[in-house]
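Shown here: target_7.cif, mmCIF, N, CA and C atoms.
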data_query
loop_
_atom_site.label_atom_id
_atom_site.label_comp_id
_atom_site.auth_asym_id
_atom_site.auth_seq_id
_atom_site.Cartn_x
_atom_site.Cartn_y
_atom_site.Cartn_z
N MET A 1130 0.84 -1.18 0.00
CA MET A 1130 0.00 0.00 0.00
C MET A 1130 0.89 1.25 0.00
N MET A 1131 0.42 2.28 -0.68
CA MET A 1131 1.20 3.51 -0.78
C MET A 1131 1.11 4.33 0.50
N ASN A 1132 2.22 4.94 0.88
CA ASN A 1132 2.22 5.82 2.05
C ASN A 1132 2.04 7.27 1.65
N GLU A 1133 2.28 7.57 0.38
CA GLU A 1133 2.21 8.93 -0.14
C GLU A 1133 0.77 9.29 -0.50
N LEU A 1134 0.34 10.46 -0.08
CA LEU A 1134 -0.98 10.95 -0.44
C LEU A 1134 -0.98 11.32 -1.92
N ILE A 1135 -1.94 10.79 -2.66
CA ILE A 1135 -2.06 11.10 -4.08
C ILE A 1135 -2.92 12.34 -4.22
N VAL A 1136 -2.45 13.30 -5.03
CA VAL A 1136 -3.19 14.55 -5.25
C VAL A 1136 -3.31 14.74 -6.75
N THR A 1137 -4.55 14.91 -7.23
CA THR A 1137 -4.77 15.03 -8.66
C THR A 1137 -5.96 15.95 -8.99
N THR A 1138 -5.91 16.53 -10.17
CA THR A 1138 -7.03 17.36 -10.62
C THR A 1138 -8.10 16.52 -11.31
N THR A 1139 -7.83 15.25 -11.55
CA THR A 1139 -8.81 14.38 -12.20
C THR A 1139 -9.79 13.84 -11.16
N ASP A 1140 -10.89 13.25 -11.64
CA ASP A 1140 -11.88 12.70 -10.72
C ASP A 1140 -11.70 11.20 -10.50
N PHE A 1141 -10.58 10.67 -10.96
CA PHE A 1141 -10.26 9.26 -10.76
C PHE A 1141 -8.74 9.10 -10.74
N ILE A 1142 -8.31 7.94 -10.26
CA ILE A 1142 -6.89 7.61 -10.25
C ILE A 1142 -6.75 6.28 -10.99
N PRO A 1143 -6.05 6.28 -12.12
CA PRO A 1143 -5.94 5.04 -12.91
C PRO A 1143 -5.43 3.87 -12.06
N GLY A 1144 -6.14 2.75 -12.17
CA GLY A 1144 -5.74 1.55 -11.46
C GLY A 1144 -6.16 1.51 -10.01
N ARG A 1145 -6.82 2.54 -9.54
CA ARG A 1145 -7.28 2.59 -8.14
C ARG A 1145 -8.78 2.83 -8.10
N GLU A 1146 -9.42 2.33 -7.06
CA GLU A 1146 -10.87 2.50 -6.91
C GLU A 1146 -11.15 3.33 -5.66
N VAL A 1147 -11.99 4.34 -5.82
CA VAL A 1147 -12.43 5.14 -4.67
C VAL A 1147 -13.48 4.32 -3.93
N ILE A 1148 -13.23 4.06 -2.66
CA ILE A 1148 -14.18 3.26 -1.88
C ILE A 1148 -14.94 4.09 -0.85
N GLU A 1149 -14.43 5.30 -0.58
CA GLU A 1149 -15.14 6.16 0.39
C GLU A 1149 -14.77 7.61 0.15
N ILE A 1150 -15.79 8.46 0.19
CA ILE A 1150 -15.57 9.91 0.11
C ILE A 1150 -15.59 10.43 1.54
N LEU A 1151 -14.51 11.07 1.94
CA LEU A 1151 -14.36 11.53 3.32
C LEU A 1151 -14.82 12.97 3.52
N GLY A 1152 -14.91 13.71 2.43
CA GLY A 1152 -15.32 15.11 2.53
C GLY A 1152 -14.38 16.01 1.75
N ILE A 1153 -14.54 17.28 1.95
CA ILE A 1153 -13.71 18.26 1.25
C ILE A 1153 -12.47 18.55 2.08
N ALA A 1154 -11.33 18.45 1.42
CA ALA A 1154 -10.07 18.87 2.03
C ALA A 1154 -9.79 20.27 1.50
N ARG A 1155 -9.46 21.18 2.40
CA ARG A 1155 -9.23 22.56 1.95
C ARG A 1155 -8.12 23.21 2.75
N GLY A 1156 -7.51 24.17 2.10
CA GLY A 1156 -6.48 24.96 2.74
C GLY A 1156 -6.50 26.34 2.12
N SER A 1157 -6.27 27.36 2.92
CA SER A 1157 -6.29 28.71 2.37
C SER A 1157 -5.29 29.59 3.09
N THR A 1158 -5.01 30.71 2.47
CA THR A 1158 -4.18 31.74 3.07
C THR A 1158 -4.66 33.08 2.54
N VAL A 1159 -4.54 34.09 3.35
CA VAL A 1159 -4.86 35.46 2.92
C VAL A 1159 -3.56 36.24 2.96
N ARG A 1160 -3.24 36.84 1.85
CA ARG A 1160 -2.00 37.59 1.74
C ARG A 1160 -2.28 39.02 1.32
N ALA A 1161 -1.44 39.92 1.81
CA ALA A 1161 -1.55 41.34 1.46
C ALA A 1161 -0.30 41.76 0.69
N ARG A 1162 -0.50 42.71 -0.19
CA ARG A 1162 0.65 43.29 -0.90
C ARG A 1162 1.41 44.16 0.09
N ASN A 1163 2.64 44.54 -0.28
CA ASN A 1163 3.35 45.48 0.58
C ASN A 1163 3.82 46.68 -0.25
N VAL A 1164 4.10 47.75 0.42
CA VAL A 1164 4.42 49.01 -0.25
C VAL A 1164 5.63 48.88 -1.16
N GLY A 1165 6.66 48.18 -0.72
CA GLY A 1165 7.86 48.01 -1.55
C GLY A 1165 7.55 47.33 -2.87
N ARG A 1166 6.79 46.24 -2.79
CA ARG A 1166 6.41 45.53 -4.01
C ARG A 1166 5.52 46.40 -4.89
N ASP A 1167 4.62 47.16 -4.26
CA ASP A 1167 3.71 48.01 -5.04
C ASP A 1167 4.46 49.07 -5.83
N ILE A 1168 5.52 49.63 -5.25
CA ILE A 1168 6.30 50.65 -5.95
C ILE A 1168 7.00 50.03 -7.16
N ILE A 1169 7.62 48.88 -6.95
CA ILE A 1169 8.30 48.19 -8.05
C ILE A 1169 7.29 47.78 -9.12
N ALA A 1170 6.13 47.25 -8.69
CA ALA A 1170 5.10 46.84 -9.64
C ALA A 1170 4.59 48.03 -10.43
N GLY A 1171 4.41 49.16 -9.76
CA GLY A 1171 3.96 50.37 -10.44
C GLY A 1171 4.92 50.80 -11.53
N LEU A 1172 6.21 50.71 -11.25
CA LEU A 1172 7.22 51.05 -12.26
C LEU A 1172 7.18 50.07 -13.44
N LYS A 1173 6.98 48.79 -13.13
CA LYS A 1173 6.94 47.78 -14.19
C LYS A 1173 5.71 47.93 -15.08
N THR A 1174 4.63 48.46 -14.54
CA THR A 1174 3.44 48.65 -15.38
C THR A 1174 3.69 49.73 -16.43
N LEU A 1175 4.64 50.61 -16.17
CA LEU A 1175 4.98 51.64 -17.15
C LEU A 1175 5.79 51.08 -18.31
N ILE A 1176 6.64 50.10 -18.03
CA ILE A 1176 7.50 49.56 -19.08
C ILE A 1176 7.01 48.22 -19.62
N GLY A 1177 6.07 47.59 -18.93
CA GLY A 1177 5.53 46.31 -19.37
C GLY A 1177 6.34 45.13 -18.86
N GLY A 1178 5.81 43.96 -19.09
CA GLY A 1178 6.49 42.74 -18.67
C GLY A 1178 5.90 42.14 -17.41
N GLU A 1179 6.46 41.02 -17.03
CA GLU A 1179 5.99 40.30 -15.85
C GLU A 1179 6.32 41.07 -14.58
N ILE A 1180 5.38 41.07 -13.67
CA ILE A 1180 5.61 41.68 -12.35
C ILE A 1180 5.99 40.53 -11.43
N SER A 1181 7.29 40.24 -11.42
CA SER A 1181 7.77 39.03 -10.73
C SER A 1181 7.51 39.06 -9.23
N GLU A 1182 7.45 40.24 -8.63
CA GLU A 1182 7.16 40.32 -7.19
C GLU A 1182 5.78 39.74 -6.88
N TYR A 1183 4.81 40.04 -7.73
CA TYR A 1183 3.46 39.50 -7.52
C TYR A 1183 3.39 38.04 -7.93
N THR A 1184 4.14 37.65 -8.94
CA THR A 1184 4.18 36.24 -9.35
C THR A 1184 4.69 35.39 -8.19
N LYS A 1185 5.75 35.85 -7.52
CA LYS A 1185 6.31 35.12 -6.38
C LYS A 1185 5.31 35.10 -5.22
N LEU A 1186 4.64 36.21 -4.97
CA LEU A 1186 3.65 36.28 -3.90
C LEU A 1186 2.52 35.27 -4.15
N GLN A 1187 2.03 35.21 -5.37
CA GLN A 1187 0.95 34.28 -5.71
C GLN A 1187 1.44 32.83 -5.63
N ALA A 1188 2.65 32.56 -6.11
CA ALA A 1188 3.19 31.20 -6.05
C ALA A 1188 3.33 30.74 -4.60
N ASN A 1189 3.85 31.61 -3.74
CA ASN A 1189 3.98 31.26 -2.32
C ASN A 1189 2.62 31.04 -1.68
N SER A 1190 1.65 31.86 -2.05
CA SER A 1190 0.29 31.71 -1.53
C SER A 1190 -0.32 30.39 -1.95
N ARG A 1191 -0.17 30.04 -3.24
CA ARG A 1191 -0.70 28.76 -3.73
C ARG A 1191 -0.04 27.59 -3.02
N ASP A 1192 1.28 27.65 -2.86
CA ASP A 1192 2.00 26.57 -2.17
C ASP A 1192 1.52 26.40 -0.74
N GLN A 1193 1.33 27.51 -0.04
CA GLN A 1193 0.87 27.41 1.35
C GLN A 1193 -0.55 26.85 1.42
N ALA A 1194 -1.44 27.31 0.55
CA ALA A 1194 -2.81 26.78 0.52
C ALA A 1194 -2.81 25.29 0.19
N PHE A 1195 -1.97 24.89 -0.75
CA PHE A 1195 -1.85 23.49 -1.16
C PHE A 1195 -1.38 22.62 0.01
N GLN A 1196 -0.36 23.06 0.72
CA GLN A 1196 0.15 22.30 1.86
C GLN A 1196 -0.90 22.20 2.98
N ARG A 1197 -1.66 23.26 3.17
CA ARG A 1197 -2.71 23.23 4.19
C ARG A 1197 -3.84 22.28 3.78
N MET A 1198 -4.14 22.20 2.49
CA MET A 1198 -5.14 21.25 2.01
C MET A 1198 -4.68 19.82 2.27
N ILE A 1199 -3.41 19.54 1.99
CA ILE A 1199 -2.86 18.21 2.24
C ILE A 1199 -2.93 17.87 3.73
N LYS A 1200 -2.58 18.81 4.57
CA LYS A 1200 -2.66 18.60 6.02
C LYS A 1200 -4.10 18.28 6.44
N ASP A 1201 -5.06 18.99 5.87
CA ASP A 1201 -6.47 18.75 6.17
C ASP A 1201 -6.88 17.35 5.74
N ALA A 1202 -6.42 16.91 4.57
CA ALA A 1202 -6.74 15.56 4.08
C ALA A 1202 -6.14 14.50 4.98
N LYS A 1203 -4.96 14.74 5.50
CA LYS A 1203 -4.32 13.77 6.40
C LYS A 1203 -5.09 13.66 7.71
N VAL A 1204 -5.64 14.76 8.18
CA VAL A 1204 -6.49 14.72 9.39
C VAL A 1204 -7.71 13.83 9.13
N LEU A 1205 -8.23 13.87 7.89
CA LEU A 1205 -9.37 13.04 7.50
C LEU A 1205 -8.96 11.59 7.22
N LYS A 1206 -7.65 11.32 7.28
CA LYS A 1206 -7.08 9.99 6.99
C LYS A 1206 -7.33 9.57 5.55
N ALA A 1207 -7.19 10.52 4.64
CA ALA A 1207 -7.39 10.26 3.21
C ALA A 1207 -6.18 9.57 2.60
N ASP A 1208 -6.45 8.78 1.56
CA ASP A 1208 -5.39 8.19 0.74
C ASP A 1208 -5.08 9.09 -0.45
N ALA A 1209 -6.06 9.92 -0.82
CA ALA A 1209 -5.90 10.76 -2.00
C ALA A 1209 -6.83 11.96 -1.91
N ILE A 1210 -6.50 12.97 -2.71
CA ILE A 1210 -7.38 14.12 -2.92
C ILE A 1210 -7.60 14.20 -4.42
N ILE A 1211 -8.85 14.10 -4.85
CA ILE A 1211 -9.18 14.18 -6.26
C ILE A 1211 -9.92 15.48 -6.55
N ASN A 1212 -10.00 15.83 -7.83
CA ASN A 1212 -10.68 17.05 -8.27
C ASN A 1212 -10.12 18.31 -7.61
N VAL A 1213 -8.81 18.39 -7.47
CA VAL A 1213 -8.19 19.54 -6.81
C VAL A 1213 -8.36 20.79 -7.67
N ARG A 1214 -8.71 21.87 -7.02
CA ARG A 1214 -8.90 23.16 -7.67
C ARG A 1214 -8.29 24.26 -6.81
N PHE A 1215 -7.99 25.38 -7.44
CA PHE A 1215 -7.53 26.58 -6.75
C PHE A 1215 -8.51 27.70 -7.03
N ASN A 1216 -8.68 28.57 -6.06
CA ASN A 1216 -9.56 29.72 -6.22
C ASN A 1216 -8.88 30.92 -5.56
N THR A 1217 -9.00 32.06 -6.18
CA THR A 1217 -8.46 33.29 -5.62
C THR A 1217 -9.59 34.31 -5.56
N SER A 1218 -9.70 34.99 -4.44
CA SER A 1218 -10.71 36.03 -4.32
C SER A 1218 -10.16 37.20 -3.52
N MET A 1219 -10.60 38.38 -3.87
CA MET A 1219 -10.15 39.57 -3.16
C MET A 1219 -10.94 39.70 -1.86
N ILE A 1220 -10.24 39.89 -0.77
CA ILE A 1220 -10.86 40.07 0.54
C ILE A 1220 -11.13 41.55 0.78
N MET A 1221 -10.14 42.36 0.45
CA MET A 1221 -10.23 43.81 0.55
C MET A 1221 -9.17 44.39 -0.38
N ALA A 1222 -9.17 45.67 -0.58
CA ALA A 1222 -8.16 46.27 -1.45
C ALA A 1222 -6.77 45.91 -0.95
N GLY A 1223 -5.98 45.26 -1.81
CA GLY A 1223 -4.61 44.92 -1.45
C GLY A 1223 -4.44 43.58 -0.77
N ALA A 1224 -5.53 42.84 -0.53
CA ALA A 1224 -5.42 41.54 0.13
C ALA A 1224 -6.33 40.53 -0.58
N SER A 1225 -5.80 39.34 -0.80
CA SER A 1225 -6.60 38.30 -1.45
C SER A 1225 -6.41 36.97 -0.75
N GLU A 1226 -7.41 36.12 -0.92
CA GLU A 1226 -7.36 34.76 -0.38
C GLU A 1226 -7.07 33.81 -1.53
N VAL A 1227 -6.19 32.87 -1.28
CA VAL A 1227 -5.96 31.77 -2.21
C VAL A 1227 -6.41 30.51 -1.50
N MET A 1228 -7.27 29.74 -2.15
CA MET A 1228 -7.78 28.51 -1.56
C MET A 1228 -7.49 27.34 -2.48
N ALA A 1229 -7.06 26.24 -1.90
CA ALA A 1229 -6.91 24.97 -2.60
C ALA A 1229 -7.93 24.02 -1.98
N TYR A 1230 -8.64 23.28 -2.82
CA TYR A 1230 -9.63 22.35 -2.28
C TYR A 1230 -9.82 21.17 -3.22
N GLY A 1231 -10.28 20.07 -2.66
CA GLY A 1231 -10.55 18.88 -3.43
C GLY A 1231 -11.30 17.89 -2.57
N THR A 1232 -11.60 16.74 -3.14
CA THR A 1232 -12.35 15.69 -2.45
C THR A 1232 -11.38 14.70 -1.83
N ALA A 1233 -11.43 14.58 -0.52
CA ALA A 1233 -10.60 13.61 0.19
C ALA A 1233 -11.27 12.24 0.10
N VAL A 1234 -10.49 11.22 -0.31
CA VAL A 1234 -11.07 9.89 -0.52
C VAL A 1234 -10.18 8.80 0.06
N LYS A 1235 -10.79 7.66 0.31
CA LYS A 1235 -10.09 6.41 0.63
C LYS A 1235 -10.05 5.59 -0.64
N LEU A 1236 -8.94 4.89 -0.85
CA LEU A 1236 -8.76 4.07 -2.03
C LEU A 1236 -8.69 2.59 -1.68
N LYS A 1237 -9.09 1.77 -2.62
CA LYS A 1237 -8.96 0.31 -2.48
C LYS A 1237 -7.57 -0.08 -2.91
#

Translate the structure of the given file into structure tokens.
Amino acid sequence: MMNELIVTTTDFIPGREVIEILGIARGSTVRARNVGRDIIAGLKTLIGGEISEYTKLQANSRDQAFQRMIKDAKVLKADAIINVRFNTSMIMAGASEVMAYGTAVKLK
């Protein structure tokens, strides 16, 4: 039997059978921009191109939400998380929530 939690965006795992749905596994984080990044981003909007400061902020937010979702699935004693999705929403000006969620399942 596998010890590693399987995480996938599909609704099935080839060669494995879902025998129980445990519920939704979710993880989220709320992050705010900072003045230093905003100044640099403002300058980059004048010249164009990727705003790497925000790209890094979003990547870190997604990673943290993803890890929290996995932790939640382990609390549920899941073997896998299927149908994984990410969602981002603005909480207030300058702050957004990143959420990772999926269906925690037991496998045969």

Worksheet item: If you run DSSP on this backbone, which residues of segment 1150-1215 of chain A come out as strand (DSSP E), and could you give them as a ChimeraX atom specification?
Response: /A:1150-1161,1209-1215

Worksheet item: What separation in Å, quoted to one decimal, exists between atom N of Tyr1230 of chain A and atom N of Ser1218 of chain A?
Response: 11.9 Å

Worksheet item: Hey, what comes out of the PyMOL selection byres ((chain A and resi 1198) around 6) on this file? Could you write it as a list in words?
Response: Ala1154, Arg1155, Gly1156, Ser1157, Gln1193, Ala1194, Phe1195, Gln1196, Arg1197, Ile1199, Lys1200, Asp1201, Ala1202 and Ala1229 of chain A

Worksheet entry | For Ala1224 of chain A: contacts at 8 Å, all atoms listed in the file, fewer than 2 positions along chain excluded, given as a VMD selection string | chain A and resid 1159 to 1162 1218 to 1222 1226 to 1227

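If you look at atom C of Ile1148 of chain A and atom N of Val1234 of chain A, they are 8.4 Å away from each other.
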
Worksheet entry | Members of segment 1144-1214 of chain A assigned alpha helix (DSSP H) by DSSP, as a ChimeraX atom specification | /A:1164-1176,1181-1204

Discussion item. Rounded to one decimal, what separation in Å do you get between atom C of Ile1135 of chain A and atom C of Met1228 of chain A?
Written reply: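 Spanning atom C of Ile1135 of chain A to atom C of Met1228 of chain A is a straight-line distance of 15.8 Å.
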
Discussion item. Going by the chain IDs and residue numbers used in this file, which residues fall under the PyMOL selection byres ((chain A and resi 1147) around 7)? Write them as a PyMOL selection string.
Written reply: chain A and resi 1142+1145-1146+1148-1150+1234-1237

Discussion item. I'd like the residues picked by the PyMOL selection byres ((chain A and resi 1214) around 8) written out as number ranges by chain, using the chain letters and numbers from the file.
Written reply: A: 1137-1138, 1211-1213, 1215-1217, 1228-1232

Fill in: Of the listed residues A:Ile1210, A:Thr1158, A:Lys1203, A:Thr1139, that which approaches Ser1225 of chain A most closely, counting only N, CA and C atoms
A:Thr1158
